[in-house]
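I have placed the structure first, in the form of structure tokens, so that the comments after it can refer back to it.
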Amino acid sequence: MNHIDELVRGRRSVRTFDANPISQEDLDKLCAFMKQIDNPYGLPVEFKLLDSKKQNLSCPVVVGTDLYVGAKMKNTPYLNEAVGYSFELLILYAQSLGIGTVWVGGTMDRAAFEQAMELAEDEVMPCVSPLGYPAKKMSLRETMMRKGIKADSRMAFGELFSDGTAPLTEESAGKFFYPLEMVRLAPSAVNKQPWRVVVTENTAHFYLKRTKGFHGGTLDMQKIDIGIALCHFDLAAKEIGLTPRFVQADPGIATEDEYIASYML
Ligand SMILES: Cc1cc2nc3c(=O)[nH]c(=O)nc-3n(C[C@H](O)[C@H](O)[C@H](O)COP(=O)(O)O)c2cc1C
């Protein structure tokens with residue numbers, strides 16, 4: 001893969017595709033990659049390619065491709081965080097091949113997609129993404145949508161990350177800066193950026209700052225967002241030669257946010 005920084009900064013949601021089918025070579029690479037994806041929770045995620053035309057699937061925000069990938073897994077605790085991590089690995093890999101994607105958890109005919117994914121009784125389908133080459137120009141609908149959710153902006157570093165008492169800066173974050181900056185630039189549902197990280201000594205503790213109106217249930221888009229953040233942090237930390245160790249141990253820091261997991265460097 002390319003530098004994480006390049007992939008993270010180069011990625012944006014793609015909802016308007018150029019109508020050319022993905023080359024067999026790229027498709028083979030994607031399929032090979034899907035088979036070896038894992039996540040720190042050790043929960044298997046199965047990916048399946050779908051054809052929206054043949055299978056009659058509707059995802060109204062997307063134009064210019066019929067190819068989709070869906071993710072399914074067992075309905076178990078931490079499924080959202082796990083799929084967030086695993087699906088984001090796929091999204092970044094697609095990005096490295098020049099293939100456009102967009103996380104879709106809401107704006108689709110969910111029942112039709114779930115049927116096409118052939119879910120077993122104990123399985124869930126958290127999300128899907130179209131796959132294709134990005135069109136040169138976005139549809140008007142996509143342009144309007146991006147404006148509406150301010151998709152191009154992100155919160156400031158110090159608003160998201162702290163040392164427990166003071167906001168972190170590039171200097172005070174030290175070796176945590178690059179991995180955290182990669183978290184800051186991550187995609188999130190409706191661009192709400194619910195990830196908060198508290199750094200203590202050599203550990204980054206990830207918290208969920210729940211957005212009003214975004215309820216957690218079996219499928220929890222904001223916990224998926226935290227899984228994406230864990231993925232960016234882990235990849236970026238490894239890239240600069242650190243050895244992040246995943247732990248689930250609430251440090252008991254006083255906060256209203258929900259503790260999710262930590263990376264110890
Ligand atoms: C968990 C999750 C679910 C999402 N669901 C949808 C969706 O249903 N429809 C959609 O158009 N975009 C969806 N998005 C894309 C976000 O709106 C997008 O990532 C965010 O606005 C930031 O824009 P960017 O990806 O271009 O950086 C989702 C993103 C995430 C992470």
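Residue numbering restarts at 1 in every chain; chains get A, B, ... in the order shown in the structure tokens, and ligands count up from 1 in that same order.
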
* Can you tell me which residues come within 7 Å of ligand 1 when counting only C-alpha atoms and all ligand atoms, ideally as a count of residues only? => 26

* **Which of region 87-255 of chain A DSSP labels helix (DSSP H, G or I), written as a ChimeraX atom specification** => /A:87-96,110-116,140-148,157-160,170-184,189-191,221-239

* Residue among A:Met182, A:Asp109, A:Thr65, A:Lys192 lying closest to Gly213 (chain A), counting only C-alpha atoms ->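 Result for the nearest residue to Gly213 (chain A): A:Lys192.
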
* Asked: Skipping near chain neighbours, those fewer than 2 positions away, what residues fall within 12 Å of Ala173 (chain A) using only C-alpha atoms, listed as a count of residues only?
  -> 26

* **Nearest candidate to Met155 (chain A) (options A:Gly100, A:Leu140, A:Glu123, A:Trp195; using only C-alpha atoms)** =>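 Distance minimum relative to Met155 (chain A) lands on A:Trp195.
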
* For Tyr68 (chain A): contacts at 10 Å, only C-alpha atoms, fewer than 4 positions along chain excluded, given as a ChimeraX atom specification -> /A:48-52,57,59,101,113,128-132

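Our summary of the geometry notes that CA of Pro40 (chain A) is positioned 21.0 Å from CA of Gly216 (chain A).
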
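One finds CA of Leu230 (chain A) at 27.5 Å from CA of Glu142 (chain A).
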
* Asked: Near Ala236 (chain A), within 9 Å and counting only C-alpha atoms, which residues show up once chain neighbours fewer than 3 positions away are dropped, as a list in words?
  ->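 The filter keeps His3, Ile4, Asp5, Tyr178, Pro179, Leu180, Met182, Cys231, His232, Phe233, Glu239, Ile240, Gly241 and Leu242 of chain A.
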
* Would you work out the distance separating CA of Leu89 (chain A) from CA of Met138 (chain A), expressed in Å to one decimal? => 24.4 Å

* To do: Kindly indicate which residue among A:Asn56, A:Ser86, A:Asn75, A:Asn80 lies nearest to Phe33 (chain A), using only C-alpha atoms for the distances.
  => A:Ser86

* Which one of A:Val14, A:Pro77, A:Ala71, A:His215 sits closest to Leu119 (chain A) if you count only C-alpha atoms? ->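 Of all the options, A:Ala71 lies closest to Leu119 (chain A).
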
* Excluding Arg154 (chain A) and residues on its chain fewer than 2 positions from it, collect all residues at most 7 Å away from it, counting only C-alpha atoms, and give them as a PyMOL selection string. => chain A and resi 152+156+184-185

* To do: Please identify all polymer residues within 12 Å of Asp257 (chain A), counting only C-alpha atoms, omitting same-chain residues fewer than 3 positions from it, and present them as a ChimeraX atom specification.
  => /A:160,194-198,205-211,250,252-254,260

Put those residues in a file: N, CA and C atoms, as a short mmCIF file (atom, residue, chain, number, x, y, z; two decimals), in the first residue's frame.
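out17.cif was written with the following content:
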data_model
loop_
_atom_site.label_atom_id
_atom_site.label_comp_id
_atom_site.auth_asym_id
_atom_site.auth_seq_id
_atom_site.Cartn_x
_atom_site.Cartn_y
_atom_site.Cartn_z
N LEU A 160 -10.43 17.54 19.33
CA LEU A 160 -10.67 16.09 19.33
C LEU A 160 -9.79 15.33 20.31
N PRO A 194 -17.23 11.73 15.69
CA PRO A 194 -17.48 11.50 17.13
C PRO A 194 -16.29 10.93 17.89
N TRP A 195 -15.14 10.78 17.22
CA TRP A 195 -13.99 10.22 17.91
C TRP A 195 -13.34 11.26 18.82
N ARG A 196 -13.04 10.81 20.05
CA ARG A 196 -12.25 11.64 20.97
C ARG A 196 -11.15 10.74 21.50
N VAL A 197 -9.96 11.28 21.63
CA VAL A 197 -8.85 10.47 22.13
C VAL A 197 -8.17 11.20 23.28
N VAL A 198 -7.94 10.47 24.37
CA VAL A 198 -7.18 11.01 25.50
C VAL A 198 -5.87 10.24 25.56
N HIS A 205 -6.34 6.51 24.37
CA HIS A 205 -7.64 5.94 24.74
C HIS A 205 -8.72 6.54 23.85
N PHE A 206 -9.45 5.68 23.18
CA PHE A 206 -10.47 6.13 22.22
C PHE A 206 -11.85 6.16 22.89
N TYR A 207 -12.54 7.28 22.72
CA TYR A 207 -13.88 7.48 23.28
C TYR A 207 -14.85 7.87 22.18
N LEU A 208 -16.12 7.57 22.44
CA LEU A 208 -17.20 7.98 21.54
C LEU A 208 -17.97 9.14 22.17
N LYS A 209 -17.94 10.26 21.48
CA LYS A 209 -18.78 11.39 21.91
C LYS A 209 -20.07 11.31 21.11
N ARG A 210 -21.09 10.77 21.72
CA ARG A 210 -22.34 10.48 21.01
C ARG A 210 -23.02 11.77 20.52
N THR A 211 -23.36 11.81 19.24
CA THR A 211 -24.09 12.95 18.68
C THR A 211 -25.57 12.78 19.01
N ASP A 250 -10.64 0.13 30.29
CA ASP A 250 -11.06 1.50 30.59
C ASP A 250 -10.17 2.10 31.68
N GLY A 252 -10.59 4.69 33.32
CA GLY A 252 -11.36 5.36 34.36
C GLY A 252 -11.20 6.87 34.37
N ILE A 253 -10.88 7.45 33.22
CA ILE A 253 -10.75 8.90 33.11
C ILE A 253 -12.15 9.52 33.23
N ALA A 254 -12.26 10.60 34.01
CA ALA A 254 -13.57 11.22 34.19
C ALA A 254 -13.99 11.95 32.92
N ILE A 260 -14.13 3.19 24.44
CA ILE A 260 -14.22 2.10 23.46
C ILE A 260 -13.00 1.16 23.54
#
